[in-house]
>>> print(open('query09.cif').read())   # mmCIF, C-alpha atoms and all ligand atoms
data_work
loop_
_atom_site.label_atom_id
_atom_site.label_comp_id
_atom_site.auth_asym_id
_atom_site.auth_seq_id
_atom_site.Cartn_x
_atom_site.Cartn_y
_atom_site.Cartn_z
CA MET D 1 -15.35 23.40 -11.95
CA GLN D 2 -12.54 22.62 -14.38
CA GLY D 3 -9.97 20.11 -13.16
CA VAL D 4 -12.01 19.21 -10.09
CA THR D 5 -13.87 15.91 -9.66
CA ILE D 6 -16.40 15.59 -6.86
CA VAL D 7 -16.59 12.02 -5.65
CA ASP D 8 -20.32 11.96 -5.05
CA HIS D 9 -20.68 8.21 -4.55
CA PRO D 10 -23.45 7.58 -1.98
CA LEU D 11 -21.12 5.63 0.31
CA VAL D 12 -18.64 8.51 0.35
CA GLN D 13 -21.35 11.07 1.07
CA HIS D 14 -22.84 8.93 3.83
CA LYS D 15 -19.48 8.42 5.50
CA LEU D 16 -18.58 12.10 5.09
CA THR D 17 -21.69 13.14 7.02
CA ILE D 18 -20.67 10.99 9.99
CA LEU D 19 -17.11 12.28 9.68
CA ARG D 20 -18.33 15.88 9.94
CA ASP D 21 -20.44 15.20 13.07
CA LYS D 22 -18.72 16.62 16.15
CA GLU D 23 -20.03 13.68 18.22
CA THR D 24 -18.08 11.14 16.12
CA SER D 25 -15.35 9.55 18.24
CA THR D 26 -11.65 9.57 17.36
CA ARG D 27 -11.79 5.86 16.68
CA SER D 28 -14.77 6.14 14.31
CA PHE D 29 -13.28 9.21 12.64
CA ARG D 30 -10.09 7.31 11.83
CA GLU D 31 -12.00 4.28 10.52
CA LEU D 32 -14.30 6.41 8.36
CA LEU D 33 -11.39 8.35 6.92
CA ARG D 34 -9.71 5.09 5.98
CA GLU D 35 -12.92 3.84 4.34
CA ILE D 36 -13.28 7.11 2.41
CA SER D 37 -9.65 6.88 1.33
CA LEU D 38 -10.35 3.53 -0.36
CA LEU D 39 -13.20 5.05 -2.35
CA LEU D 40 -11.23 8.19 -3.20
CA CYS D 41 -8.31 6.07 -4.37
CA TYR D 42 -10.68 4.03 -6.56
CA GLU D 43 -11.85 7.23 -8.29
CA VAL D 44 -8.43 8.90 -8.57
CA THR D 45 -7.02 5.81 -10.27
CA ARG D 46 -10.07 5.16 -12.49
CA ASP D 47 -8.33 6.11 -15.76
CA LEU D 48 -4.93 4.49 -15.19
CA PRO D 49 -3.71 2.86 -18.42
CA LEU D 50 -3.91 -0.91 -18.88
CA GLU D 51 -2.21 -3.34 -21.20
CA ASP D 52 -3.26 -6.76 -22.43
CA VAL D 53 -1.51 -9.74 -20.98
CA ALA D 54 -1.74 -13.39 -21.97
CA ILE D 55 -2.42 -15.76 -19.07
CA GLU D 56 -3.63 -19.28 -18.53
CA THR D 57 -6.47 -19.98 -16.14
CA PRO D 58 -6.78 -23.54 -14.79
CA VAL D 59 -9.29 -24.06 -17.64
CA ALA D 60 -7.98 -22.24 -20.74
CA PRO D 61 -5.57 -19.64 -22.12
CA THR D 62 -7.02 -16.11 -22.16
CA HIS D 63 -6.13 -12.46 -22.12
CA GLY D 64 -6.32 -10.20 -19.11
CA LYS D 65 -5.46 -6.58 -18.34
CA ARG D 66 -2.78 -5.24 -16.08
CA LEU D 67 -1.66 -1.78 -15.05
CA ALA D 68 0.75 -0.42 -17.62
CA GLY D 69 1.48 3.21 -16.81
CA LYS D 70 3.76 4.92 -14.36
CA LYS D 71 4.11 3.38 -10.94
CA LEU D 72 2.44 5.26 -8.09
CA VAL D 73 3.69 7.30 -5.16
CA PHE D 74 1.28 8.41 -2.45
CA ALA D 75 2.44 11.67 -0.89
CA PRO D 76 0.70 12.46 2.41
CA ILE D 77 1.07 15.97 3.78
CA LEU D 78 1.91 15.47 7.45
CA ARG D 79 0.20 14.95 9.68
CA ALA D 80 -3.44 14.69 8.59
CA GLY D 81 -2.55 13.18 5.21
CA MET D 82 -1.43 10.04 7.06
CA GLY D 83 -5.09 9.38 7.81
CA LEU D 84 -5.65 8.61 4.12
CA LEU D 85 -2.47 6.64 3.48
CA ASP D 86 -3.16 3.14 4.83
CA GLY D 87 -6.39 2.73 2.87
CA MET D 88 -4.73 3.80 -0.36
CA LEU D 89 -1.79 1.45 0.23
CA GLU D 90 -4.26 -1.35 0.79
CA LEU D 91 -5.60 -0.83 -2.76
CA VAL D 92 -2.17 -0.26 -4.32
CA PRO D 93 0.24 -2.25 -2.14
CA SER D 94 3.21 -1.78 -4.47
CA ALA D 95 2.99 2.03 -4.34
CA ARG D 96 5.82 4.01 -2.76
CA VAL D 97 5.35 6.82 -0.25
CA ALA D 98 6.75 10.35 -0.13
CA HIS D 99 6.29 12.07 3.24
CA ILE D 100 5.93 15.84 3.14
CA GLY D 101 6.10 17.79 6.41
CA LEU D 102 4.87 21.38 6.24
CA TYR D 103 3.63 23.76 8.91
CA ARG D 104 2.13 27.20 8.64
CA ASP D 105 4.27 30.00 10.08
CA PRO D 106 1.88 31.85 12.41
CA LYS D 107 3.39 35.25 11.50
CA THR D 108 3.76 35.00 7.73
CA LEU D 109 1.04 32.33 7.28
CA LYS D 110 3.40 30.79 4.69
CA ALA D 111 4.03 27.05 4.52
CA VAL D 112 7.43 26.07 5.94
CA GLU D 113 8.90 22.65 5.13
CA TYR D 114 10.32 20.58 7.99
CA TYR D 115 10.50 17.15 6.31
CA PHE D 116 10.63 15.79 2.77
CA LYS D 117 11.52 12.23 1.85
CA ALA D 118 10.61 10.75 -1.53
CA PRO D 119 11.70 7.64 -3.46
CA SER D 120 14.82 8.28 -5.56
CA ASP D 121 12.94 7.46 -8.80
CA VAL D 122 9.99 9.72 -7.97
CA ALA D 123 10.42 11.69 -11.24
CA ASP D 124 9.46 8.56 -13.22
CA ARG D 125 6.31 7.94 -11.20
CA MET D 126 2.82 9.39 -10.84
CA VAL D 127 2.45 11.17 -7.51
CA ILE D 128 -0.90 11.34 -5.74
CA LEU D 129 -0.73 14.09 -3.12
CA ILE D 130 -3.09 13.37 -0.22
CA ASP D 131 -4.46 15.63 2.51
CA PRO D 132 -7.98 15.43 3.96
CA MET D 133 -8.44 19.22 3.87
CA LEU D 134 -7.81 21.70 1.06
CA ALA D 135 -8.33 24.97 2.96
CA THR D 136 -6.25 28.03 1.94
CA GLY D 137 -4.33 25.93 -0.58
CA HIS D 138 -0.97 27.33 0.56
CA THR D 139 0.28 24.04 1.97
CA ALA D 140 -0.84 22.11 -1.09
CA VAL D 141 0.88 24.61 -3.39
CA ALA D 142 4.11 24.38 -1.37
CA ALA D 143 3.94 20.57 -1.50
CA LEU D 144 3.29 20.59 -5.25
CA ASP D 145 6.17 23.05 -5.80
CA ARG D 146 8.48 20.69 -3.93
CA ILE D 147 7.28 17.59 -5.78
CA LYS D 148 7.82 19.35 -9.12
CA GLU D 149 11.33 20.42 -8.05
CA HIS D 150 12.06 16.68 -8.02
CA GLY D 151 11.12 16.45 -11.69
CA VAL D 152 7.68 14.87 -11.28
CA LYS D 153 5.43 15.56 -14.26
CA ASP D 154 2.34 13.55 -13.45
CA ILE D 155 0.61 14.67 -10.24
CA ARG D 156 -2.91 14.35 -8.85
CA PHE D 157 -4.33 15.70 -5.62
CA ALA D 158 -6.90 13.88 -3.49
CA CYS D 159 -8.67 15.41 -0.51
CA VAL D 160 -11.89 14.87 1.41
CA LEU D 161 -13.09 18.45 1.78
CA ALA D 162 -12.14 21.55 -0.20
CA ALA D 163 -12.86 25.25 0.21
CA PRO D 164 -13.50 27.21 -3.00
CA GLU D 165 -10.62 29.55 -2.05
CA GLY D 166 -8.20 26.62 -1.79
CA ILE D 167 -9.28 25.16 -5.10
CA ASP D 168 -8.70 28.53 -6.81
CA VAL D 169 -5.22 28.86 -5.27
CA VAL D 170 -4.13 25.35 -6.25
CA ARG D 171 -5.63 25.53 -9.73
CA SER D 172 -4.04 28.93 -10.43
CA HIS D 173 -0.55 27.84 -9.30
CA HIS D 174 -0.77 24.29 -10.63
CA PRO D 175 -3.37 24.08 -13.42
CA ASP D 176 -1.89 20.75 -14.55
CA VAL D 177 -2.80 19.05 -11.26
CA PRO D 178 -6.34 17.66 -11.20
CA ILE D 179 -8.16 17.55 -7.86
CA TRP D 180 -10.52 14.92 -6.45
CA THR D 181 -12.63 15.80 -3.41
CA ALA D 182 -15.71 14.37 -1.70
CA ALA D 183 -17.23 17.85 -1.31
CA ILE D 184 -16.65 21.55 -1.87
CA ASP D 185 -17.79 23.48 1.19
CA GLU D 186 -18.98 27.09 1.49
CA ARG D 187 -15.92 29.06 2.52
CA LEU D 188 -13.08 29.57 4.99
CA ASN D 189 -13.62 31.32 8.33
CA ASP D 190 -11.28 33.95 9.88
CA HIS D 191 -9.07 31.15 11.25
CA SER D 192 -8.81 29.50 7.82
CA TYR D 193 -11.02 26.60 8.88
CA ILE D 194 -13.36 25.17 6.29
CA VAL D 195 -17.05 26.02 6.95
CA PRO D 196 -18.97 23.87 7.73
CA GLY D 197 -16.01 21.49 7.38
CA LEU D 198 -15.23 18.90 10.02
CA GLY D 199 -12.89 20.79 12.36
CA ASP D 200 -9.17 20.13 12.61
CA ALA D 201 -8.61 16.87 10.73
CA GLY D 202 -5.29 16.11 12.46
CA ASP D 203 -6.76 16.62 15.92
CA ARG D 204 -9.76 14.46 15.08
CA ILE D 205 -7.60 11.63 13.68
CA TYR D 206 -5.16 11.59 16.57
CA GLY D 207 -7.41 12.81 19.42
CA THR D 208 -5.07 15.69 20.24
CA LYS D 209 -7.57 18.43 20.93
N1 LIG D 301 -7.20 22.03 8.24
C1 LIG D 301 -8.10 21.35 8.98
O1 LIG D 301 -7.75 20.34 9.58
N2 LIG D 301 -9.36 21.80 9.02
C2 LIG D 301 -9.78 22.90 8.37
O2 LIG D 301 -10.96 23.24 8.43
C3 LIG D 301 -8.83 23.60 7.61
C4 LIG D 301 -7.55 23.15 7.56
#
>>> encode(input="query09.cif", output="structure tokens", more="lines below")
Ligand code: URA
Amino acid sequence: MQGVTIVDHPLVQHKLTILRDKETSTRSFRELLREISLLLCYEVTRDLPLEDVAIETPVAPTHGKRLAGKKLVFAPILRAGMGLLDGMLELVPSARVAHIGLYRDPKTLKAVEYYFKAPSDVADRMVILIDPMLATGHTAVAALDRIKEHGVKDIRFACVLAAPEGIDVVRSHHPDVPIWTAAIDERLNDHSYIVPGLGDAGDRIYGTK
């Protein structure tokens, strides 16, 4: 599928299976999601540009590489996106964070924003939108609309599970935003849950069911 990368690393797939299991505890779910976020972040940032830099080791002068491109912003969609944030910040500690709060209006089923806070220089940075679940795609599209309103040109989207319907919606509204996911599941059910999925990601992270 164009613009979509499946992170099929064995460690990710192994952890995803435990994550899906309904018997997995809240504590394990949170830990596994954090572990998966590290591996997702590794893949999403795989092609970041580097520049040569001259350094001196204790033994000899040499050349090394360092990150050269735009600085990063991780943008979790509240609340489940927070489950991916700490792991990503561990890998890129200097990244900034943009919090995006959206809920789905039960009548219109449209995404309604209740919180948005981004760094003032967000337009000069690369934004990695993060949410464990890409289901209908409406929330992701609303978040991407909002990020673009702030002038951001370089955006990527990382999730753990995606429904084909959600991928189509995001790719048709935002074809310039590549997607990374650990798996593409079968479909959405009548309640817009991903099948087979893993249930409600927010409830499973925070034990709120
Ligand atoms: N959000 C979730 O947390 N789970 C789904 O299956 C779909 C959306």
>>> closest_atom_pairs(input="query09.cif", of="chain D", to="ligand LIG 301 (chain D)", cutoff="6 Å", atoms="all atoms listed in the file", output="Markdown table")
| residue | atom | partner | partner_atom | distance |
| --- | --- | --- | --- | --- |
| D:Met133 | CA | D:LIG301 | N1 | 5.3 |
| D:Ala135 | CA | D:LIG301 | C3 | 4.9 |
| D:Ser192 | CA | D:LIG301 | C3 | 5.9 |
| D:Tyr193 | CA | D:LIG301 | O2 | 3.4 |
| D:Ile194 | CA | D:LIG301 | O2 | 3.8 |
| D:Gly197 | CA | D:LIG301 | O2 | 5.4 |
| D:Gly199 | CA | D:LIG301 | N2 | 5.0 |
| D:Asp200 | CA | D:LIG301 | O1 | 3.4 |
| D:Ala201 | CA | D:LIG301 | O1 | 3.8 |
| D:Gly202 | CA | D:LIG301 | O1 | 5.7 |
>>> residues_around(input="query09.cif", residues="stretch 92-98 of chain D", least_positions_apart="3", cutoff="10 Å", atoms="only C-alpha atoms", output="number ranges by chain")
D: 38, 41-42, 45, 71-77, 85-89, 101, 116-122, 125-129, 147
>>> residues_around(input="query09.cif", residues="D:His63", least_positions_apart="2", cutoff="7 Å", atoms="only C-alpha atoms", output="PyMOL selection string")
chain D and resi 52-55
>>> closest_residue(input="query09.cif", among="D:Ile100, D:Ile6, D:Thr62, D:Ile205", to="D:Thr181", atoms="all atoms listed in the file")
D:Ile6
>>> residues_around(input="query09.cif", residues="D:Pro10", least_positions_apart="4", cutoff="12 Å", atoms="only C-alpha atoms", output="list in words")
Ile6, His14, Lys15, Leu16, Thr17, Ile36, Leu39 and Ala182 of chain D
>>> write_last_selection(input="query09.cif", atoms="C-alpha atoms", output="mmCIF file, in the frame of the given file")
data_model
loop_
_atom_site.group_PDB
_atom_site.id
_atom_site.type_symbol
_atom_site.label_atom_id
_atom_site.label_comp_id
_atom_site.auth_asym_id
_atom_site.auth_seq_id
_atom_site.Cartn_x
_atom_site.Cartn_y
_atom_site.Cartn_z
ATOM 1 C CA ILE D 6 -16.400 15.590 -6.860
ATOM 2 C CA HIS D 14 -22.840 8.930 3.830
ATOM 3 C CA LYS D 15 -19.480 8.420 5.500
ATOM 4 C CA LEU D 16 -18.580 12.100 5.090
ATOM 5 C CA THR D 17 -21.690 13.140 7.020
ATOM 6 C CA ILE D 36 -13.280 7.110 2.410
ATOM 7 C CA LEU D 39 -13.200 5.050 -2.350
ATOM 8 C CA ALA D 182 -15.710 14.370 -1.700
#
>>> atom_distance(input="query09.cif", atom1="atom CA of D:Thr208", atom2="atom CA of D:Gly83")
13.9 Å
>>> closest_residue(input="query09.cif", among="D:Pro106, D:Gly137, D:Leu40, D:Asp47", to="D:Gly69", atoms="all atoms listed in the file")
D:Asp47
>>> closest_residue(input="query09.cif", among="D:Ala158, D:Val177, D:Ile167, D:Leu198", to="D:Val44", atoms="all atoms listed in the file")
D:Ala158
>>> atom_distance(input="query09.cif", atom1="atom CA of D:Leu161", atom2="atom CA of D:Ala183")
5.2 Å
>>> residues_around(input="query09.cif", residues="D:Arg146", least_positions_apart="5", cutoff="10 Å", atoms="only C-alpha atoms", output="PyMOL selection string")
chain D and resi 100+113+116+140-141+151-152
